[in-house]
file model15.txt (compact mmCIF, C-alpha atoms)
# COMPACT_ATOMS: atom_id res chain seq x y z
CA MET A 1 127.10 177.16 195.54
CA GLN A 2 125.77 174.14 197.31
CA LEU A 3 122.22 172.91 196.71
CA SER A 4 119.86 172.79 199.62
CA GLN A 5 118.77 169.37 200.83
CA LYS A 6 115.35 169.99 199.25
CA HIS A 7 116.92 170.87 195.90
CA GLN A 8 119.21 167.85 196.09
CA LYS A 9 116.21 165.59 196.56
CA LEU A 10 114.42 167.25 193.65
CA ALA A 11 117.49 166.81 191.43
CA LEU A 12 117.78 163.16 192.37
CA ALA A 13 114.08 162.61 191.71
CA ALA A 14 114.38 164.30 188.33
CA ALA A 15 117.37 162.15 187.43
CA ALA A 16 115.50 159.03 188.47
CA GLY A 17 112.53 160.15 186.39
CA VAL A 18 114.71 160.64 183.31
CA ALA A 19 116.30 157.21 183.83
CA ALA A 20 112.87 155.60 184.19
CA MET A 21 111.67 157.34 181.03
CA LEU A 22 114.69 156.06 179.10
CA VAL A 23 113.96 152.53 180.28
CA ILE A 24 110.32 152.88 179.22
CA ARG A 25 111.29 154.24 175.82
CA ARG A 26 113.76 151.40 175.34
CA LYS A 27 111.07 148.89 176.25
CA LEU A 28 108.64 150.53 173.86
CA ARG A 29 111.20 150.25 171.06
CA THR A 30 111.83 146.60 171.87
CA LYS A 31 109.65 144.21 169.90
CA ILE A 32 109.08 140.54 170.67
CA ARG A 33 109.28 138.78 167.31
CA ALA A 34 108.75 135.15 166.34
CA ALA A 35 110.82 134.23 163.29
CA PHE A 36 110.02 131.02 161.41
CA ASP A 37 112.47 129.38 158.99
CA ILE A 38 110.50 126.62 157.28
CA GLY A 39 113.08 124.60 155.42
CA SER A 40 113.24 121.40 153.42
CA GLY A 41 114.28 119.30 156.40
CA GLU A 42 113.34 121.27 159.51
CA HIS A 43 110.74 123.75 160.76
CA LYS A 44 112.58 126.29 162.92
CA LEU A 45 111.47 128.98 165.36
CA VAL A 46 113.33 131.74 167.21
CA VAL A 47 111.49 134.15 169.51
CA ALA A 48 113.59 137.20 170.33
CA ALA A 49 113.46 140.70 171.76
CA VAL A 50 114.61 142.99 168.95
CA ASN A 51 115.69 146.59 169.47
CA GLY A 52 117.36 148.08 166.41
CA THR A 53 120.22 145.73 165.60
CA SER A 54 120.19 144.19 169.08
CA VAL A 55 118.70 140.68 169.31
CA LYS A 56 118.14 138.81 172.57
CA VAL A 57 116.97 135.25 171.95
CA LEU A 58 114.18 134.19 174.31
CA HIS A 59 113.35 130.79 172.80
CA SER A 60 114.78 128.62 170.04
CA GLU A 61 113.31 125.37 168.76
CA VAL A 62 113.63 122.95 165.84
CA SER A 63 111.18 120.33 164.59
CA THR A 64 112.49 117.79 162.08
CA VAL A 65 110.17 117.36 159.11
CA LEU A 66 112.02 115.76 156.19
CA LEU A 67 109.98 117.25 153.37
CA ALA A 68 112.71 117.21 150.72
CA GLN A 69 113.39 113.54 151.39
CA ASP A 70 109.67 112.85 151.02
CA LEU A 71 109.61 114.73 147.72
CA THR A 72 112.50 112.62 146.34
CA ARG A 73 110.98 109.31 147.50
CA PRO A 74 110.94 106.42 144.99
CA GLY A 75 107.83 106.62 142.85
CA GLY A 76 107.10 110.20 143.90
CA ASP A 77 104.82 112.33 141.72
CA GLY A 78 106.27 115.77 142.37
CA ALA A 79 103.97 116.42 145.32
CA LEU A 80 104.46 116.12 149.06
CA SER A 81 102.70 113.07 150.48
CA ALA A 82 99.73 113.28 152.84
CA GLY A 83 101.92 112.06 155.70
CA ALA A 84 104.52 114.77 155.08
CA LEU A 85 101.86 117.48 154.91
CA ARG A 86 100.34 116.24 158.16
CA ALA A 87 103.73 116.26 159.92
CA SER A 88 104.40 119.79 158.67
CA LYS A 89 101.01 121.04 159.83
CA GLU A 90 101.47 119.54 163.29
CA ALA A 91 104.96 121.05 163.61
CA LEU A 92 103.69 124.50 162.60
CA ASN A 93 100.82 124.25 165.11
CA ASP A 94 103.26 123.39 167.90
CA LEU A 95 105.68 126.17 167.01
CA ALA A 96 102.87 128.72 166.75
CA GLU A 97 101.70 127.78 170.25
CA ARG A 98 105.24 128.15 171.56
CA ALA A 99 105.58 131.59 169.98
CA ALA A 100 102.33 132.73 171.59
CA ALA A 101 103.43 131.39 174.98
CA GLN A 102 106.63 133.44 174.68
CA GLY A 103 104.61 136.63 174.16
CA ALA A 104 105.43 137.18 170.49
CA GLN A 105 103.92 140.45 169.27
CA ALA A 106 104.69 139.76 165.63
CA LYS A 107 105.12 136.54 163.67
CA ALA A 108 106.65 136.09 160.24
CA GLY A 109 108.73 133.58 158.36
CA VAL A 110 110.22 132.29 155.16
CA ALA A 111 109.85 128.96 153.40
CA THR A 112 112.48 127.61 151.05
CA ALA A 113 113.43 125.06 148.39
CA VAL A 114 110.96 122.24 148.92
CA PHE A 115 108.00 124.62 148.74
CA ARG A 116 109.32 125.97 145.45
CA ARG A 117 109.73 122.44 144.06
CA ALA A 118 106.64 120.59 145.28
CA ARG A 119 103.54 121.17 143.17
CA ASN A 120 101.41 121.30 146.35
CA GLY A 121 103.98 123.15 148.48
CA GLU A 122 102.63 126.67 148.02
CA GLN A 123 99.04 125.64 148.67
CA HIS A 124 99.99 123.80 151.87
CA LEU A 125 102.06 126.69 153.18
CA LYS A 126 99.37 129.30 152.51
CA LYS A 127 96.69 127.21 154.19
CA CYS A 128 98.76 126.73 157.35
CA SER A 129 100.02 130.31 157.40
CA ASP A 130 96.52 131.77 157.08
CA ALA A 131 95.06 129.44 159.72
CA LEU A 132 97.77 130.28 162.26
CA ALA A 133 98.40 133.93 161.24
CA LEU A 134 102.11 133.24 160.76
CA ASN A 135 102.75 135.49 157.75
CA LEU A 136 104.86 132.86 155.98
CA GLN A 137 106.10 133.42 152.45
CA ILE A 138 108.07 131.38 149.95
CA VAL A 139 111.25 133.24 149.03
CA PRO A 140 113.64 132.80 146.09
CA GLN A 141 117.19 131.58 146.59
CA SER A 142 118.50 135.12 146.19
CA THR A 143 116.62 136.13 149.35
CA GLU A 144 117.78 132.96 151.12
CA GLY A 145 121.34 133.92 150.32
CA GLU A 146 120.90 137.48 151.59
CA LEU A 147 119.39 136.23 154.86
CA GLY A 148 122.20 133.70 155.11
CA PHE A 149 124.80 136.43 154.73
CA LEU A 150 123.22 138.49 157.53
CA THR A 151 123.00 135.40 159.73
CA ALA A 152 126.64 134.45 159.13
CA CYS A 153 127.79 137.99 159.98
CA ALA A 154 125.68 138.03 163.15
CA ALA A 155 126.90 134.59 164.24
CA ALA A 156 130.57 135.35 163.53
CA GLY A 157 130.39 138.85 165.00
CA ARG A 158 131.98 140.44 161.94
CA GLU A 159 131.45 141.17 158.26
CA VAL A 160 132.39 137.88 156.63
CA ALA A 161 133.99 137.47 153.22
CA CYS A 162 131.64 134.68 152.20
CA ALA A 163 128.63 132.93 153.80
CA TRP A 164 127.47 129.38 153.11
CA ASP A 165 123.99 128.11 153.94
CA SER A 166 122.87 124.58 153.07
CA GLY A 167 119.73 122.56 153.66
CA GLY A 168 117.65 119.66 152.48
CA GLY A 169 116.79 121.06 149.06
CA SER A 170 119.32 123.74 148.10
CA PHE A 171 122.36 125.73 149.19
CA GLN A 172 123.64 129.27 148.78
CA LEU A 173 127.01 131.00 148.98
CA SER A 174 126.83 134.77 149.30
CA ALA A 175 129.20 137.73 149.56
CA ARG A 176 129.11 141.49 149.55
CA VAL A 177 130.75 142.67 146.37
CA GLY A 178 132.63 145.96 146.13
CA GLY A 179 131.08 147.37 149.28
CA GLY A 180 127.66 147.22 147.65
CA GLY A 181 124.89 144.66 147.61
CA VAL A 182 125.07 140.96 148.42
CA ARG A 183 125.56 138.57 145.49
CA VAL A 184 124.27 135.00 145.73
CA TYR A 185 125.40 131.73 144.14
CA ALA A 186 122.25 129.58 144.07
CA GLY A 187 123.09 125.90 144.46
CA PRO A 188 120.32 123.65 143.09
CA LEU A 189 121.06 120.62 145.29
CA GLY A 190 120.51 119.70 148.94
CA ASN A 191 121.02 116.86 151.40
CA ALA A 192 117.99 115.01 150.07
CA ASP A 193 119.42 115.03 146.53
CA ALA A 194 122.72 113.57 147.75
CA PHE A 195 120.81 110.94 149.74
CA ALA A 196 118.72 110.00 146.70
CA ARG A 197 121.84 109.72 144.56
CA LEU A 198 123.51 107.32 147.01
CA ARG A 199 120.29 105.33 147.38
CA ASP A 200 119.86 104.95 143.63
CA MET A 201 123.50 103.87 143.27
CA GLY A 202 122.90 101.02 145.68
CA GLY A 203 124.05 102.30 149.05
CA ALA A 204 126.96 103.69 151.02
CA THR A 205 130.03 101.94 149.67
CA SER A 206 133.36 103.71 149.11
CA GLU A 207 132.92 103.41 145.35
CA ASN A 208 129.40 104.81 145.41
CA VAL A 209 130.43 107.71 147.63
CA LYS A 210 133.23 108.68 145.23
CA ALA A 211 130.88 108.35 142.26
CA ALA A 212 128.17 110.44 143.97
CA VAL A 213 130.64 113.21 144.82
CA ALA A 214 131.88 113.23 141.22
CA ALA A 215 128.35 113.26 139.77
CA LEU A 216 127.12 116.07 142.02
CA THR A 217 130.28 118.08 141.32
CA ASP A 218 129.61 117.83 137.59
CA GLU A 219 126.02 119.02 138.03
CA LEU A 220 126.93 122.24 139.83
CA PRO A 221 127.52 125.48 137.93
CA PRO A 222 131.09 126.86 138.14
CA ALA A 223 131.99 129.62 140.59
CA PRO A 224 131.47 133.11 139.17
CA ALA A 225 134.40 135.53 139.42
CA TRP A 226 132.94 137.44 142.37
CA LEU A 227 132.57 134.24 144.41
CA ALA A 228 136.06 132.99 143.56
CA ALA A 229 137.45 136.35 144.70
CA ALA A 230 135.45 136.29 147.96
CA LEU A 231 136.68 132.78 148.78
CA GLN A 232 140.27 134.02 148.45
CA GLU A 233 139.66 136.69 151.09
CA GLY A 234 138.78 134.31 153.93
CA PRO A 235 136.97 131.11 154.89
CA ALA A 236 133.40 130.39 153.90
CA VAL A 237 131.47 131.05 157.10
CA ALA A 238 128.85 128.33 157.45
CA PHE A 239 126.09 128.08 160.00
CA GLY A 240 123.21 125.88 161.02
CA HIS A 241 121.61 123.72 163.64
CA ARG A 242 123.03 120.53 165.13
CA SER A 243 121.69 118.57 162.16
CA SER A 244 123.34 120.74 159.49
CA CYS A 245 125.84 119.22 157.06
CA PHE A 246 128.52 121.55 158.43
CA ARG A 247 127.94 120.38 161.99
CA VAL A 248 128.27 116.73 160.92
CA ALA A 249 131.69 117.49 159.43
CA CYS A 250 132.80 119.43 162.51
CA ASP A 251 131.53 116.78 164.92
CA ALA A 252 133.36 114.07 163.00
CA ILE A 253 136.74 115.80 163.17
CA GLY A 254 136.35 117.61 166.50
CA ALA A 255 136.89 121.15 165.22
CA SER A 256 134.91 124.31 164.49
CA GLY A 257 136.03 124.35 160.86
CA PHE A 258 137.31 122.06 158.16
CA ALA A 259 139.16 121.72 154.86
CA PRO A 260 138.47 119.33 151.96
CA GLU A 261 140.84 116.69 153.35
CA ASP A 262 138.95 116.73 156.67
CA VAL A 263 135.67 116.03 154.87
CA LYS A 264 137.29 113.18 152.94
CA ARG A 265 138.58 111.69 156.19
CA ALA A 266 135.22 112.03 157.93
CA THR A 267 133.42 110.47 154.96
CA ALA A 268 135.75 107.48 154.94
CA LYS A 269 135.12 106.97 158.65
CA LEU A 270 131.34 106.98 158.23
CA VAL A 271 131.55 104.53 155.34
CA SER A 272 133.73 102.20 157.43
CA LEU A 273 131.13 102.08 160.23
CA GLY A 274 128.81 100.15 157.94
CA ASP A 275 125.29 101.17 158.99
CA ASP A 276 123.26 104.10 160.25
CA GLY A 277 123.03 102.78 163.81
CA ALA A 278 126.80 102.57 164.18
CA ARG A 279 127.19 106.00 162.56
CA ALA A 280 124.66 107.50 164.99
CA ASP A 281 126.42 106.01 168.02
CA TRP A 282 129.86 107.17 166.87
CA LEU A 283 128.73 110.67 165.94
CA GLN A 284 126.92 111.03 169.26
CA TYR A 285 130.05 109.95 171.13
CA VAL A 286 132.45 112.28 169.33
CA ALA A 287 129.95 115.18 169.34
CA GLN A 288 129.67 115.05 173.12
CA GLY A 289 133.45 114.99 173.47
CA HIS A 290 134.05 117.85 171.03
CA ALA A 291 131.11 120.16 171.85
CA HIS A 292 133.26 122.64 173.76
CA VAL A 293 135.31 123.17 170.59
CA VAL A 294 132.68 122.78 167.86
CA ALA A 295 129.86 124.83 169.43
CA PRO A 296 130.90 126.37 172.77
CA ALA A 297 127.54 128.10 173.33
CA SER A 298 125.37 125.11 172.50
CA ASP A 299 122.77 123.66 174.85
CA ARG A 300 124.54 120.81 176.63
CA ALA A 301 121.24 119.08 177.40
CA ALA A 302 120.59 118.74 173.66
CA LEU A 303 123.76 116.70 173.32
CA ASP A 304 122.14 113.93 175.35
CA GLU A 305 119.42 113.55 172.73
CA PRO A 306 119.95 111.04 169.89
CA TYR A 307 122.14 112.28 167.06
CA PRO A 308 119.82 113.94 164.52
CA GLU A 309 119.14 112.37 161.13
CA PRO A 310 121.93 109.76 161.21
CA HIS A 311 120.64 108.17 157.97
CA LEU A 312 121.48 111.44 156.19
CA ALA A 313 124.91 112.01 157.77
CA LEU A 314 126.92 110.46 154.95
CA ALA A 315 124.84 112.17 152.25
CA LYS A 316 125.45 115.53 153.93
CA LEU A 317 129.20 115.01 153.75
CA VAL A 318 128.91 113.94 150.11
CA LEU A 319 127.18 117.24 149.31
CA VAL A 320 129.77 119.28 151.23
CA ALA A 321 132.62 117.49 149.43
CA ALA A 322 131.05 118.12 146.03
CA VAL A 323 130.49 121.84 146.67
CA MET A 324 134.00 122.34 148.04
CA ALA A 325 135.49 120.57 145.03
CA LYS A 326 133.45 122.46 142.43
CA LEU A 327 133.85 125.92 143.91
CA ASN A 328 137.38 125.48 145.25
CA VAL A 329 136.40 126.17 148.86
CA GLU A 330 139.63 125.76 150.80
CA ARG A 331 138.36 126.37 154.33
CA VAL A 332 135.02 126.46 156.19
CA GLU A 333 134.37 128.13 159.55
CA TYR A 334 131.25 126.92 161.39
CA HIS A 335 128.91 128.69 163.83
CA GLU A 336 125.85 127.15 165.45
CA THR A 337 122.56 128.94 164.68
CA ASN A 338 118.93 128.02 164.29
CA GLY A 339 118.73 128.32 160.51
CA SER A 340 118.65 131.88 159.15
CA CYS A 341 116.39 133.20 161.89
CA LEU A 342 119.00 135.67 163.17
CA GLY A 343 119.23 137.39 159.81
CA PHE A 344 115.47 137.28 159.28
CA LEU A 345 114.77 138.97 162.63
CA LEU A 346 116.76 142.01 161.48
CA GLN A 347 115.19 142.35 158.02
CA GLU A 348 112.66 145.12 158.68
CA PRO A 349 110.75 144.79 155.36
CA PHE A 350 109.45 141.40 156.50
CA TRP A 351 108.04 142.95 159.68
CA GLU A 352 106.31 146.02 158.24

call {"tool": "encode", "arguments": {"input": "model15.txt", "output": "structure tokens"}}
result
Amino acid sequence: MQLSQKHQKLALAAAAGVAAMLVIRRKLRTKIRAAFDIGSGEHKLVVAAVNGTSVKVLHSEVSTVLLAQDLTRPGGDGALSAGALRASKEALNDLAERAAAQGAQAKAGVATAVFRRARNGEQHLKKCSDALALNLQIVPQSTEGELGFLTACAAAGREVACAWDSGGGSFQLSARVGGGGVRVYAGPLGNADAFARLRDMGGATSENVKAAVAALTDELPPAPAWLAAALQEGPAVAFGHRSSCFRVACDAIGASGFAPEDVKRATAKLVSLGDDGARADWLQYVAQGHAHVVAPASDRAALDEPYPEPHLALAKLVLVAAVMAKLNVERVEYHETNGSCLGFLLQEPFWE
């Protein structure tokens, strides 16, 4: 039986109404969240539309604030200096304004190693968080590792065997064990520690680099059985911004992953260049040429900006070499992200 023209119009209108209602419901379920990852070397922000496990990034930004390096400065007293606190406050103000401009309905974030170490770190963070209504909290390394695992899986588009996150003051390797919860290896060292070690040894010579790698390797705890097993199942999936230690290694060799020999080769090249200016110029040149391989989805305009933190580039490779040697990491796969913001956006307990 055929519908009359009137009934056909009513059916079409009803269908359109249902479709519109579904769109409205989807929009109501979608939340605009501003995730802050306040690390030891960078203050990071990602604003995204989140619907269930779907994340659409609307804005991503990084502000370099080298807090861990300030904390390890010669003659330091275990507290962040007034200049470092001022730089952090200004960066948080700017990022909060950006989040508001993007229409963020909820704001939350985590702060990591340097705020656990510095005797005035917690006080500074609470003061800024309360003033800007950012809902920032200092988290333990176990939580960092869990967020890192979620971020690595999201960036790689699969459940990874092992995730590796590293920053200015600490690093974590994490894996899901036996189909259950995520286990975390909490590394007590970061880029700033490797930089301080090289500085105290007298600078970036081949001999000092080898000695620093050996010393840092000795300081690290051995790999537990669960981590050794995870590393046999696949590469360690690492992630981070353009300034991350993993990105430095990938830029230097022109690939989206690396092995211990690649890190050794990249380190030797940086040592041979002699100074930070030459290292910055060379890394900028090779990064621009290799971007389509190293980070295909990266913002090409950002590649025209000066290479980030060139004075730390060699120290970052020293840390990577030490960790790979101690834990027997045979292969690393890199994905570009803005810190652990992807994982944090999906962790509902932080947003309740």

call {"tool": "residues_around", "arguments": {"input": "model15.txt", "residues": "Thr217 in chain A", "least_positions_apart": "5", "cutoff": "8 Å", "atoms": "all atoms listed in the file", "output": "list in words"}}
result
Ala322, Val323, Ala325 and Lys326 of chain A

call {"tool": "atom_distance", "arguments": {"input": "model15.txt", "atom1": "CA of Gly109 in chain A", "atom2": "CA of Leu136 in chain A"}}
result
4.6 Å

call {"tool": "residues_near_point", "arguments": {"input": "model15.txt", "point": "(135.9, 124.8, 152.9)", "cutoff": "12 Å", "atoms": "all atoms listed in the file", "output": "PDB file with C-alpha atoms, in the coordinates of the input"}}
result
ATOM      1  CA  CYS A 162     131.640 134.680 152.200  1.00  0.00           C
ATOM      2  CA  ALA A 163     128.630 132.930 153.800  1.00  0.00           C
ATOM      3  CA  TRP A 164     127.470 129.380 153.110  1.00  0.00           C
ATOM      4  CA  LEU A 173     127.010 131.000 148.980  1.00  0.00           C
ATOM      5  CA  LEU A 231     136.680 132.780 148.780  1.00  0.00           C
ATOM      6  CA  GLN A 232     140.270 134.020 148.450  1.00  0.00           C
ATOM      7  CA  GLY A 234     138.780 134.310 153.930  1.00  0.00           C
ATOM      8  CA  PRO A 235     136.970 131.110 154.890  1.00  0.00           C
ATOM      9  CA  ALA A 236     133.400 130.390 153.900  1.00  0.00           C
ATOM     10  CA  VAL A 237     131.470 131.050 157.100  1.00  0.00           C
ATOM     11  CA  ALA A 238     128.850 128.330 157.450  1.00  0.00           C
ATOM     12  CA  PHE A 246     128.520 121.550 158.430  1.00  0.00           C
ATOM     13  CA  ALA A 249     131.690 117.490 159.430  1.00  0.00           C
ATOM     14  CA  CYS A 250     132.800 119.430 162.510  1.00  0.00           C
ATOM     15  CA  SER A 256     134.910 124.310 164.490  1.00  0.00           C
ATOM     16  CA  GLY A 257     136.030 124.350 160.860  1.00  0.00           C
ATOM     17  CA  PHE A 258     137.310 122.060 158.160  1.00  0.00           C
ATOM     18  CA  ALA A 259     139.160 121.720 154.860  1.00  0.00           C
ATOM     19  CA  PRO A 260     138.470 119.330 151.960  1.00  0.00           C
ATOM     20  CA  GLU A 261     140.840 116.690 153.350  1.00  0.00           C
ATOM     21  CA  ASP A 262     138.950 116.730 156.670  1.00  0.00           C
ATOM     22  CA  VAL A 263     135.670 116.030 154.870  1.00  0.00           C
ATOM     23  CA  LYS A 264     137.290 113.180 152.940  1.00  0.00           C
ATOM     24  CA  LEU A 317     129.200 115.010 153.750  1.00  0.00           C
ATOM     25  CA  VAL A 320     129.770 119.280 151.230  1.00  0.00           C
ATOM     26  CA  ALA A 321     132.620 117.490 149.430  1.00  0.00           C
ATOM     27  CA  ALA A 322     131.050 118.120 146.030  1.00  0.00           C
ATOM     28  CA  VAL A 323     130.490 121.840 146.670  1.00  0.00           C
ATOM     29  CA  MET A 324     134.000 122.340 148.040  1.00  0.00           C
ATOM     30  CA  ALA A 325     135.490 120.570 145.030  1.00  0.00           C
ATOM     31  CA  LYS A 326     133.450 122.460 142.430  1.00  0.00           C
ATOM     32  CA  LEU A 327     133.850 125.920 143.910  1.00  0.00           C
ATOM     33  CA  ASN A 328     137.380 125.480 145.250  1.00  0.00           C
ATOM     34  CA  VAL A 329     136.400 126.170 148.860  1.00  0.00           C
ATOM     35  CA  GLU A 330     139.630 125.760 150.800  1.00  0.00           C
ATOM     36  CA  ARG A 331     138.360 126.370 154.330  1.00  0.00           C
ATOM     37  CA  VAL A 332     135.020 126.460 156.190  1.00  0.00           C
ATOM     38  CA  GLU A 333     134.370 128.130 159.550  1.00  0.00           C
ATOM     39  CA  TYR A 334     131.250 126.920 161.390  1.00  0.00           C
TER      40      TYR A 334
END

call {"tool": "closest_residue", "arguments": {"input": "model15.txt", "among": "A:Ala113, A:Ala268, A:Ile32, A:Val65", "to": "Ser206 in chain A", "atoms": "all atoms listed in the file"}}
result
A:Ala268

call {"tool": "closest_residue", "arguments": {"input": "model15.txt", "among": "A:Leu319, A:Ser166, A:Leu342, A:Ala186", "to": "Val57 in chain A", "atoms": "only C-alpha atoms"}}
result
A:Leu342

call {"tool": "closest_residue", "arguments": {"input": "model15.txt", "among": "A:Asp251, A:Val47, A:Ala82, A:Leu189", "to": "Asp218 in chain A", "atoms": "only C-alpha atoms"}}
result
A:Leu189

call {"tool": "atom_distance", "arguments": {"input": "model15.txt", "atom1": "CA of Val62 in chain A", "atom2": "CA of Asp94 in chain A"}}
result
10.6 Å

call {"tool": "closest_residue", "arguments": {"input": "model15.txt", "among": "A:Thr64, A:Gln172, A:Ser129, A:Ser272", "to": "Val209 in chain A", "atoms": "all atoms listed in the file"}}
result
A:Ser272

call {"tool": "closest_residue", "arguments": {"input": "model15.txt", "among": "A:Ala230, A:Val50, A:Ala315, A:Leu80", "to": "Asp193 in chain A", "atoms": "only C-alpha atoms"}}
result
A:Ala315

call {"tool": "closest_residue", "arguments": {"input": "model15.txt", "among": "A:Val271, A:Ala84, A:Lys56, A:Asp70", "to": "His124 in chain A", "atoms": "all atoms listed in the file"}}
result
A:Ala84

call {"tool": "atom_distance", "arguments": {"input": "model15.txt", "atom1": "CA of Ala96 in chain A", "atom2": "CA of Arg73 in chain A"}}
result
28.5 Å

call {"tool": "residues_around", "arguments": {"input": "model15.txt", "residues": "Pro74 in chain A", "least_positions_apart": "2", "cutoff": "12 Å", "atoms": "only C-alpha atoms", "output": "VMD selection string"}}
result
chain A and resid 69 to 72 76 to 78 81 195 to 197 199 to 200

call {"tool": "residues_around", "arguments": {"input": "model15.txt", "residues": "His59 in chain A", "least_positions_apart": "4", "cutoff": "10 Å", "atoms": "all atoms listed in the file", "output": "ChimeraX atom specification"}}
result
/A:34,45-49,98-99,102

call {"tool": "residues_around", "arguments": {"input": "model15.txt", "residues": "Leu66 in chain A", "least_positions_apart": "3", "cutoff": "12 Å", "atoms": "all atoms listed in the file", "output": "ChimeraX atom specification"}}
result
/A:38-43,63,69-73,80-81,83-88,91,114,167-169,190-192,195,243,308-309,311-312

call {"tool": "residues_around", "arguments": {"input": "model15.txt", "residues": "Ala287 in chain A", "least_positions_apart": "4", "cutoff": "8 Å", "atoms": "only C-alpha atoms", "output": "PyMOL selection string"}}
result
chain A and resi 251-252+254+283+291+303
